[in-house]
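One structure is given here, and the rest of the page talks about it.
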Number of protein chains: 2
Amino acid sequence: MKSIQVGLLGIGTVGSGVFNVLKRNQPEIMRRAGRGIEITMVADLDTARAQAIVGTGVKVVDDARAIIANPDIDIVVELIGGYGIAKQLVMEAIAAGKHVVTANKALLAVHGTEIFAAASSKGVMVAFEAAVAGGIPIIKALREGLTANSIQWIAGIINGTTNFILSEMRDKGLDFEVVLKEAQRLGYAEADPTFDIEGVDAAHKATIMSAIAFGIPVQFDKAYIEGITKLGAQDIRYAEQLGYRIKLLGITKRTAKGIELRVHPSLVPAKRLIANVEGAMNAVMVQGDAVGTTLYYGKGAGSEPTASAVIADLVDITRLHTADPLQRVPHLAFQPDAMSDLPVLPMSEIVTSYYLRLRVADEAGVLAKVTGLLAGAGISIDAVLQREADEVGGEGSTQTDVIILTHDCVEAKMDAAIAEMQALPTVLAPITRIRKEELA
Amino acid sequence: MKSIQVGLLGIGTVGSGVFNVLKRNQPEIMRRAGRGIEITMVADLDTARAQAIVGTGVKVVDDARAIIANPDIDIVVELIGGYGIAKQLVMEAIAAGKHVVTANKALLAVHGTEIFAAASSKGVMVAFEAAVAGGIPIIKALREGLTANSIQWIAGIINGTTNFILSEMRDKGLDFEVVLKEAQRLGYAEADPTFDIEGVDAAHKATIMSAIAFGIPVQFDKAYIEGITKLGAQDIRYAEQLGYRIKLLGITKRTAKGIELRVHPSLVPAKRLIANVEGAMNAVMVQGDAVGTTLYYGKGAGSEPTASAVIADLVDITRLHTADPLQRVPHLAFQPDAMSDLPVLPMSEIVTSYYLRLRVADEAGVLAKVTGLLAGAGISIDAVLQREADEVGGEGSTQTDVIILTHDCVEAKMDAAIAEMQALPTVLAPITRIRKEELA
């Protein structure tokens, strides 16, 4: 049988991984897929470099549209990234009747609804296993492996850069800025690391998972996003003393009122498996009503791990490209005419527990005042850690840290309580608030 | 569209889970699958109990063949277990043109080749996600999620009973027999726990994974199987002191000479995620050449977790029952005409590292003698732990434990070295040998 012909748009880190793995494992992949899968065209602005990677057997062009226009190409793999030209090319490829594989989480989190609708009406597939958690087959697990379940929540370490930074901060007791520089030197963080460290990348991925888990449209604009740039080394240390680790989690949860969709640093009990995911590794916890807790762990980025996901999509499409739409898995797990209109909740309506750190004057009655305010607001306290006073200032005045862990409450209530506490004259610095997830 | 009609053979723990989850989540499952999936017949010897579980809307019979003979039934779910009547019924269901879903690992590990061949020639699917690691979608990950990879090895905690026992032995410092009784009382171990504690159940699952990972036929009779009944509390303690945990692992590995397929207690570095999988939980590590290490964690048994896997198979079959065979995933991941004839290696040819515990007379020169023998055999030592002597016997003679960790060597060489050491007059008891897996 004729090989499936694939055109790559962009051959950088991931693209060359796809080319190399497909070439190296071609016999084994063919034994699985039942036919060959071959990259026959590559488009890249740097044609010389591209040709050097793929050798003479593959046609290299500088115009992506030459691939889309080629009637011999069955599948277009978009590895350009971003919302701009990548979106145009994906839409054109769909319009030309090509199946599309993409690793572009930003594109799908923002424009997924439009893209999937176009693909459905044209009868082609858009596959995106590589868009979330790299080589971990989490999209397949959510869309196919857990179809029996009413999924309750997902919590994932889905950005390797920030997990590397947090692991290093904890291991070595260093500050964020120092570790970021080290991460950049080692290639774990980009020259402009904003998307990673501000949580935007994780929010793209959480948005895609929320849609698949709950059958809602992708709604990146509704996601709450908070990065790790303001995390202090002392909070990591205090969390440790209380039996927790701090991780940047992408969380999405179904409640009676709507869907929570949020990315922020979170205290996680140190004994949870996910708390022990170190370095640039990724892990996603999924809670289903039938299966209970499951966890998926692996490399969330890198050339060949991401290529592993892209090629799995190529094999799936190879199997199903002649099938009718009912035989295929819906793009967002649910049939397009059976989506839910559960709203994504504003952050003020989410419910979680909290870690608070207050820099206070070391005077009698401060702790009573603070805990009294929380009690008055109906927020119950799980644990308090008061540090020994350390001397600050010239006149012998002393300050200390008070750390409070609370039980669950709605975020609006906590916002109000923090404002009240902040107004106390004995609270000497902005209060640090980190959310806490038990993940039980 | 008409619902897919399902007949259950056997409605015990798993069967009632399938019935209950399918009923509870029917609207959500239908939104995913595009049509309803309904249990319309149940066969069980105890018809009264069965009828009480399913209510009046479902036809209950005591003869499984009434389900197989019913032309309205699309899928037969076999939950009887064992090789006997279960095999006959599965073969009859296939012959009658029914798709089959089964959780029966024993059946597939032993008779899979015959069953899959019959299914292929009849054009029906036999799905078995529930046969390995309960609710964890590991079969789907291996067959579909990791198709890009040349899989190098799999190592899994795939028996919850033994992992519960080992966790308790370590936590509480108790002996095997004591914990086994507790596990039986709590329902984690059966009245006759032989299949679990002797490693047979894990070997069934490892056999199925080896076939899917490497494209070889199921060969349960070639698996090496060693259970946990001979593990001493002191070995768990010594392992801990050396930075390891002892887990019962199902391991299958590809080498140039053939496939390793083995189940035995293994020392695993305590810092590995899988070493921290506690209680009755399961976890499977998969090493692929492109993706690197991935891990899948969840409940490996129980009513609803197992039902989660059975229903995922029902959804897959619902999607693909009208598809042609090339559009379906092959039973053992590889096309039936593209299987490998790589042999399963005898245990003497596997390569691993070892933990040895020798009970020796506390005399000068014993350690030199033992390590000299290992050096002479070409086995290099990684670490030695010698305990302080403890008094035994009436004449003031003392004994002590010597623990040795070795680097990798072929098992035959270690067998010979152990025989030589055992013959030393200063070695006072049978040598304990536990294999050690770095899983790096």
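Following the order of the structure tokens, chains are lettered A, B, ..., residues in each are numbered from 1, and ligands are numbered from 1.
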Would you tabulate, counting only C-alpha atoms, all residues of chain A that have an atom at most 6 Å from an atom of chain B, showing the closest pair of atoms and their distance in Å to one decimal, sorted by chain then ascending number, as JSON lines?
{"residue": "A:Arg31", "atom": "CA", "partner": "B:Phe334", "partner_atom": "CA", "distance": 5.5}
{"residue": "A:Arg32", "atom": "CA", "partner": "B:Phe334", "partner_atom": "CA", "distance": 4.2}
{"residue": "A:Gly135", "atom": "CA", "partner": "B:Val291", "partner_atom": "CA", "distance": 5.5}
{"residue": "A:Pro137", "atom": "CA", "partner": "B:Gly145", "partner_atom": "CA", "distance": 5.2}
{"residue": "A:Gly145", "atom": "CA", "partner": "B:Pro137", "partner_atom": "CA", "distance": 5.2}
{"residue": "A:Thr147", "atom": "CA", "partner": "B:Ala312", "partner_atom": "CA", "distance": 5.4}
{"residue": "A:Ala148", "atom": "CA", "partner": "B:Ser308", "partner_atom": "CA", "distance": 5.2}
{"residue": "A:Ala290", "atom": "CA", "partner": "B:Glu304", "partner_atom": "CA", "distance": 4.9}
{"residue": "A:Val291", "atom": "CA", "partner": "B:Pro305", "partner_atom": "CA", "distance": 4.0}
{"residue": "A:Thr293", "atom": "CA", "partner": "B:Gly298", "partner_atom": "CA", "distance": 5.9}
{"residue": "A:Thr294", "atom": "CA", "partner": "B:Gly298", "partner_atom": "CA", "distance": 4.3}
{"residue": "A:Leu295", "atom": "CA", "partner": "B:Tyr297", "partner_atom": "CA", "distance": 4.9}
{"residue": "A:Tyr296", "atom": "CA", "partner": "B:Tyr296", "partner_atom": "CA", "distance": 4.8}
{"residue": "A:Tyr297", "atom": "CA", "partner": "B:Leu295", "partner_atom": "CA", "distance": 4.9}
{"residue": "A:Gly298", "atom": "CA", "partner": "B:Thr294", "partner_atom": "CA", "distance": 4.3}
{"residue": "A:Glu304", "atom": "CA", "partner": "B:Ala290", "partner_atom": "CA", "distance": 4.9}
{"residue": "A:Pro305", "atom": "CA", "partner": "B:Val291", "partner_atom": "CA", "distance": 3.9}
{"residue": "A:Ser308", "atom": "CA", "partner": "B:Ala148", "partner_atom": "CA", "distance": 5.2}
{"residue": "A:Ile311", "atom": "CA", "partner": "B:Ala148", "partner_atom": "CA", "distance": 5.4}
{"residue": "A:Ala312", "atom": "CA", "partner": "B:Thr147", "partner_atom": "CA", "distance": 5.4}
{"residue": "A:Arg319", "atom": "CA", "partner": "B:Gln327", "partner_atom": "CA", "distance": 4.6}
{"residue": "A:Leu320", "atom": "CA", "partner": "B:Gln327", "partner_atom": "CA", "distance": 5.4}
{"residue": "A:Gln327", "atom": "CA", "partner": "B:Arg319", "partner_atom": "CA", "distance": 4.6}
{"residue": "A:Ala333", "atom": "CA", "partner": "B:Arg32", "partner_atom": "CA", "distance": 5.9}
{"residue": "A:Phe334", "atom": "CA", "partner": "B:Arg32", "partner_atom": "CA", "distance": 4.2}
{"residue": "A:Gln335", "atom": "CA", "partner": "B:Arg32", "partner_atom": "CA", "distance": 5.7}
{"residue": "A:Ala338", "atom": "CA", "partner": "B:Arg31", "partner_atom": "CA", "distance": 5.5}
- [ ] Identify all residues of stretch 234-286 of chain B in alpha helix (DSSP H) (DSSP on the backbone) and supply them as a ChimeraX atom specification.
- [x] /B:234-241
Task: Who sits within 7 Å of A:Phe164, only C-alpha atoms, same chain under 4 positions skipped, as a ChimeraX atom specification - done: /A:160,168,278-280
File of the preceding selection, C-alpha atoms, as an mmCIF file, in the first residue's frame:
data_model
loop_
_atom_site.group_PDB
_atom_site.id
_atom_site.type_symbol
_atom_site.label_atom_id
_atom_site.label_comp_id
_atom_site.auth_asym_id
_atom_site.auth_seq_id
_atom_site.Cartn_x
_atom_site.Cartn_y
_atom_site.Cartn_z
ATOM 1 C CA GLY A 160 8.722 22.080 32.461
ATOM 2 C CA GLU A 168 16.007 24.220 41.922
ATOM 3 C CA GLU A 278 11.137 17.125 39.801
ATOM 4 C CA GLY A 279 13.090 19.099 37.239
ATOM 5 C CA ALA A 280 11.631 19.699 33.805
#
Task: Between atom CA of A:Ile68 and atom CA of A:Glu92, distance in Å (one decimal) - done: 7.3 Å
Could you go through stretch 252-338 of chain A and tell me which residues DSSP, when run on the backbone, assigns to strand (DSSP E), listing them as a CSV table (one decimal) with C-alpha atoms, in the first residue's frame?
chain,number,residue,atom,x,y,z
A,252,THR,CA,-9.6,22.7,35.9
A,253,LYS,CA,-12.5,21.4,38.0
A,254,ARG,CA,-16.2,20.8,37.6
A,259,ILE,CA,-15.9,25.2,35.6
A,260,GLU,CA,-12.8,26.4,37.4
A,261,LEU,CA,-9.9,27.1,35.1
A,262,ARG,CA,-6.8,28.5,36.7
A,263,VAL,CA,-3.0,28.4,36.7
A,264,HIS,CA,-1.1,29.5,39.8
A,265,PRO,CA,1.5,28.3,42.3
A,266,SER,CA,-0.1,25.8,44.7
A,267,LEU,CA,0.9,24.1,47.9
A,268,VAL,CA,0.6,20.3,47.4
A,269,PRO,CA,1.0,17.7,50.2
A,281,MET,CA,9.3,16.7,34.0
A,282,ASN,CA,5.5,17.0,33.6
A,283,ALA,CA,2.7,15.1,35.3
A,284,VAL,CA,-1.1,15.3,35.1
A,285,MET,CA,-3.5,14.0,37.7
A,286,VAL,CA,-7.0,13.2,36.5
A,287,GLN,CA,-9.8,12.5,38.9
A,288,GLY,CA,-12.8,10.5,37.5
A,292,GLY,CA,-10.6,7.6,41.0
A,293,THR,CA,-7.2,9.2,40.8
A,294,THR,CA,-4.9,8.5,37.9
A,295,LEU,CA,-1.6,10.2,37.0
A,296,TYR,CA,0.4,10.5,33.8
A,297,TYR,CA,4.1,11.4,33.9
A,298,GLY,CA,6.8,12.0,31.4
A,299,LYS,CA,8.8,14.6,29.4
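Of the listed residues A:Ala48, A:Ala368, A:Ala127, A:Ala43, the one whose atoms come nearest to A:Ala66 is A:Ala43, with distances taken using only C-alpha atoms.
Within 10 Å of B:Val200, once only C-alpha atoms are used and residues closer than 6 positions along the same chain are dropped, the contacting residues are Ala106, Asn159, Thr194, Ala206, Phe220, Ala223, Tyr224, Ile225, Glu226, Gly227 and Val263 of chain B.
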Same residues, N, CA and C atoms, saved as an mmCIF file, in the first residue's frame:
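Printed below is out_27.cif as written:
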data_model
loop_
_atom_site.group_PDB
_atom_site.id
_atom_site.type_symbol
_atom_site.label_atom_id
_atom_site.label_comp_id
_atom_site.auth_asym_id
_atom_site.auth_seq_id
_atom_site.Cartn_x
_atom_site.Cartn_y
_atom_site.Cartn_z
ATOM 1 N N ALA B 106 -5.692 -13.835 32.643
ATOM 2 C CA ALA B 106 -5.210 -15.220 32.591
ATOM 3 C C ALA B 106 -5.526 -15.821 31.224
ATOM 4 N N ASN B 159 0.139 -5.522 40.545
ATOM 5 C CA ASN B 159 -0.693 -6.335 41.426
ATOM 6 C C ASN B 159 -0.864 -5.579 42.740
ATOM 7 N N THR B 194 -2.958 -17.258 46.412
ATOM 8 C CA THR B 194 -1.799 -17.805 45.695
ATOM 9 C C THR B 194 -1.456 -17.028 44.421
ATOM 10 N N ALA B 206 2.112 -8.882 32.732
ATOM 11 C CA ALA B 206 3.397 -8.572 32.078
ATOM 12 C C ALA B 206 3.475 -9.267 30.721
ATOM 13 N N PHE B 220 3.010 -16.762 28.035
ATOM 14 C CA PHE B 220 2.999 -16.849 29.488
ATOM 15 C C PHE B 220 3.897 -17.974 30.001
ATOM 16 N N ALA B 223 7.430 -16.979 30.908
ATOM 17 C CA ALA B 223 7.679 -15.944 31.923
ATOM 18 C C ALA B 223 8.351 -16.557 33.152
ATOM 19 N N TYR B 224 9.324 -15.836 33.699
ATOM 20 C CA TYR B 224 9.908 -16.224 34.986
ATOM 21 C C TYR B 224 9.042 -15.594 36.075
ATOM 22 N N ILE B 225 8.667 -16.387 37.069
ATOM 23 C CA ILE B 225 7.723 -15.904 38.086
ATOM 24 C C ILE B 225 8.222 -16.224 39.485
ATOM 25 N N GLU B 226 8.388 -15.194 40.277
ATOM 26 C CA GLU B 226 8.799 -15.360 41.666
ATOM 27 C C GLU B 226 7.953 -14.389 42.499
ATOM 28 N N GLY B 227 7.303 -14.889 43.516
ATOM 29 C CA GLY B 227 6.403 -14.066 44.326
ATOM 30 C C GLY B 227 7.109 -13.409 45.502
ATOM 31 N N VAL B 263 8.781 -11.645 36.529
ATOM 32 C CA VAL B 263 8.106 -11.047 37.673
ATOM 33 C C VAL B 263 8.847 -11.500 38.915
#
Task: stretch 425-435 of chain A environment, 7 Å, only C-alpha atoms, sequence neighbours closer than 6 positions dropped, as an MDAnalysis selection string - done: chainID A and resid 265:267 352:361 366
Task: Spatial neighbours of stretch 9-14 of chain B, 10 Å, only C-alpha atoms, chain gap at least 5 places, as an MDAnalysis selection string - done: chainID B and resid 19:20 41:47 49:51 53:54 61:65 67:68 76:81 86 89:90 102:103 130 301:308 310
Open item on the list: With only C-alpha atoms as the counted atoms, please give the residues lying no more than 6 Å from stretch 36-39 of chain A, apart from itself and same-chain residues fewer than 3 positions off, as an MDAnalysis selection string.
Closed with: chainID A and resid 3:7 30
Would you write out those residues with C-alpha atoms, as a PDB file, in the first residue's frame?
ATOM      1  CA  SER A   3       2.712   5.415   2.128  1.00  0.00           C
ATOM      2  CA  ILE A   4       0.834   8.242   3.784  1.00  0.00           C
ATOM      3  CA  GLN A   5       2.567  11.430   2.669  1.00  0.00           C
ATOM      4  CA  VAL A   6       3.276  14.102   5.230  1.00  0.00           C
ATOM      5  CA  GLY A   7       4.360  17.723   4.800  1.00  0.00           C
ATOM      6  CA  MET A  30       4.834   0.519   9.697  1.00  0.00           C
TER       7      MET A  30
END
- [ ] Could you please determine the separation between atom CA of B:Glu388 and atom CA of B:Asp235 in Å, to one decimal place?
- [x] 15.6 Å
Task: Interatomic distance, atom CA of A:Gly365 to atom CA of A:Gln234 (Å, one decimal) - done: 24.0 Å
